[in-house]
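Novice: Just passing along the structure, written as structure tokens.
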Amino acid sequence: MPGHLDLSRVHGVEMPIAEVVAAVIDGITSVPDAAATLMSRTPKPVHYSA
């Protein structure tokens with residue numbers, strides 16, 4: 001069964017918080033680096049559909 005990150009990539013949905021949390025859990029990045037990555041992102045509009 002695919003994970004949430006796999007599904008988000010297939011459908012072109014960005015999940016930056018989930019991506020950095022997964023990277024921290026997997027030992028790919030540190031918490032300070034993850035925070036810096038998120039803080040350096042350019043704000044994007046959020047779209048909701050009902």
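Going by the structure tokens order, chains are called A, B, ..., each with residues numbered from 1, while ligands are numbered from 1 in the order shown.
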Skip stretch 39-45 of chain A itself and residues of its chain fewer than 5 positions away, then list as a ChimeraX atom specification all residues within 10 Å of it, counting only C-alpha atoms.
Specialist: /A:16,33-34
Novice: Save the residues we just selected, N, CA, C and O atoms, as a PDB file, in the first residue's frame?
Specialist:
```pdb
ATOM      1  N   PRO A  16       5.321  19.577   2.153  1.00  0.00           N
ATOM      2  CA  PRO A  16       6.675  19.854   2.648  1.00  0.00           C
ATOM      3  C   PRO A  16       6.890  19.464   4.107  1.00  0.00           C
ATOM      4  O   PRO A  16       7.983  19.003   4.458  1.00  0.00           O
ATOM      5  N   ASP A  33      18.128  21.369  10.438  1.00  0.00           N
ATOM      6  CA  ASP A  33      18.141  21.498   8.979  1.00  0.00           C
ATOM      7  C   ASP A  33      16.724  21.411   8.409  1.00  0.00           C
ATOM      8  O   ASP A  33      16.398  22.107   7.443  1.00  0.00           O
ATOM      9  N   ALA A  34      15.902  20.555   8.990  1.00  0.00           N
ATOM     10  CA  ALA A  34      14.510  20.442   8.536  1.00  0.00           C
ATOM     11  C   ALA A  34      13.776  21.753   8.763  1.00  0.00           C
ATOM     12  O   ALA A  34      13.045  22.225   7.883  1.00  0.00           O
TER      13      ALA A  34
END
```
Novice: Which residues come within 12 Å of A:Gly3, counting only C-alpha atoms, excluding same-chain residues fewer than 4 positions away, as a list in words?
Specialist: Leu7, Ser8, Arg9, Val10, Ala18, Glu19 and Ala22 of chain A
Novice: Using Å and a single decimal, report how far atom CA of A:Ala35 sits from atom CA of A:Val20.
Specialist: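 So the two atoms, atom CA of A:Val20 and atom CA of A:Ala35, lie 8.2 Å apart.
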Novice: Enumerate, as a list of chain:residue names, the complete set of residues in stretch 1-46 of chain A that a backbone-based DSSP assignment places in alpha helix (DSSP H).
Specialist: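 Listing alpha helix (DSSP H) positions across stretch 1-46 of chain A yields A:His4, A:Leu5, A:Asp6, A:Leu7, A:Ser8, A:Arg9, A:Val10, A:Pro16, A:Ile17, A:Ala18, A:Glu19, A:Val20, A:Val21, A:Ala22, A:Ala23, A:Val24, A:Ile25, A:Val31, A:Pro32, A:Asp33, A:Ala34, A:Ala35, A:Ala36, A:Thr37, A:Leu38, A:Met39.
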Novice: Give me a file of those residues, with N, CA and C atoms, as a compact mmCIF listing (two decimals), in the first residue's frame.
Specialist:
```txt
# COMPACT_ATOMS: atom_id res chain seq x y z
N HIS A 4 1.48 8.11 2.18
CA HIS A 4 0.96 9.44 1.86
C HIS A 4 1.91 10.23 0.95
N LEU A 5 3.20 10.13 1.21
CA LEU A 5 4.14 10.86 0.37
C LEU A 5 4.15 10.33 -1.05
N ASP A 6 4.05 9.01 -1.20
CA ASP A 6 3.98 8.43 -2.54
C ASP A 6 2.74 8.94 -3.28
N LEU A 7 1.61 8.94 -2.59
CA LEU A 7 0.37 9.40 -3.21
C LEU A 7 0.44 10.89 -3.55
N SER A 8 1.04 11.68 -2.67
CA SER A 8 1.12 13.11 -2.95
C SER A 8 1.97 13.37 -4.19
N ARG A 9 3.04 12.61 -4.35
CA ARG A 9 3.90 12.77 -5.54
C ARG A 9 3.17 12.37 -6.82
N VAL A 10 2.43 11.26 -6.76
CA VAL A 10 1.68 10.79 -7.92
C VAL A 10 0.67 11.84 -8.37
N PRO A 16 5.32 19.58 2.15
CA PRO A 16 6.67 19.85 2.65
C PRO A 16 6.89 19.46 4.11
N ILE A 17 5.90 19.62 4.95
CA ILE A 17 6.09 19.26 6.36
C ILE A 17 6.25 17.75 6.48
N ALA A 18 5.40 17.00 5.81
CA ALA A 18 5.51 15.54 5.85
C ALA A 18 6.84 15.07 5.28
N GLU A 19 7.31 15.74 4.24
CA GLU A 19 8.58 15.34 3.62
C GLU A 19 9.76 15.54 4.57
N VAL A 20 9.81 16.69 5.26
CA VAL A 20 10.94 16.91 6.16
C VAL A 20 10.83 16.05 7.42
N VAL A 21 9.62 15.79 7.89
CA VAL A 21 9.46 14.91 9.05
C VAL A 21 9.95 13.51 8.68
N ALA A 22 9.57 13.03 7.51
CA ALA A 22 10.03 11.72 7.05
C ALA A 22 11.56 11.69 6.93
N ALA A 23 12.14 12.77 6.45
CA ALA A 23 13.61 12.84 6.31
C ALA A 23 14.29 12.80 7.68
N VAL A 24 13.69 13.45 8.67
CA VAL A 24 14.26 13.41 10.02
C VAL A 24 14.14 12.00 10.59
N ILE A 25 12.97 11.39 10.46
CA ILE A 25 12.76 10.03 10.97
C ILE A 25 13.71 9.04 10.31
N VAL A 31 16.91 17.88 12.74
CA VAL A 31 15.77 18.76 13.04
C VAL A 31 16.10 20.21 12.70
N PRO A 32 17.27 20.74 13.07
CA PRO A 32 17.57 22.13 12.69
C PRO A 32 17.59 22.34 11.17
N ASP A 33 18.13 21.37 10.44
CA ASP A 33 18.14 21.50 8.98
C ASP A 33 16.72 21.41 8.41
N ALA A 34 15.90 20.55 8.99
CA ALA A 34 14.51 20.44 8.54
C ALA A 34 13.78 21.75 8.76
N ALA A 35 13.97 22.35 9.93
CA ALA A 35 13.32 23.64 10.22
C ALA A 35 13.80 24.71 9.25
N ALA A 36 15.09 24.74 8.98
CA ALA A 36 15.64 25.72 8.04
C ALA A 36 15.06 25.52 6.65
N THR A 37 14.90 24.28 6.24
CA THR A 37 14.32 23.98 4.93
C THR A 37 12.91 24.53 4.84
N LEU A 38 12.10 24.29 5.88
CA LEU A 38 10.71 24.77 5.85
C LEU A 38 10.64 26.30 5.90
N MET A 39 11.49 26.90 6.71
CA MET A 39 11.46 28.36 6.85
C MET A 39 11.95 29.08 5.60
```
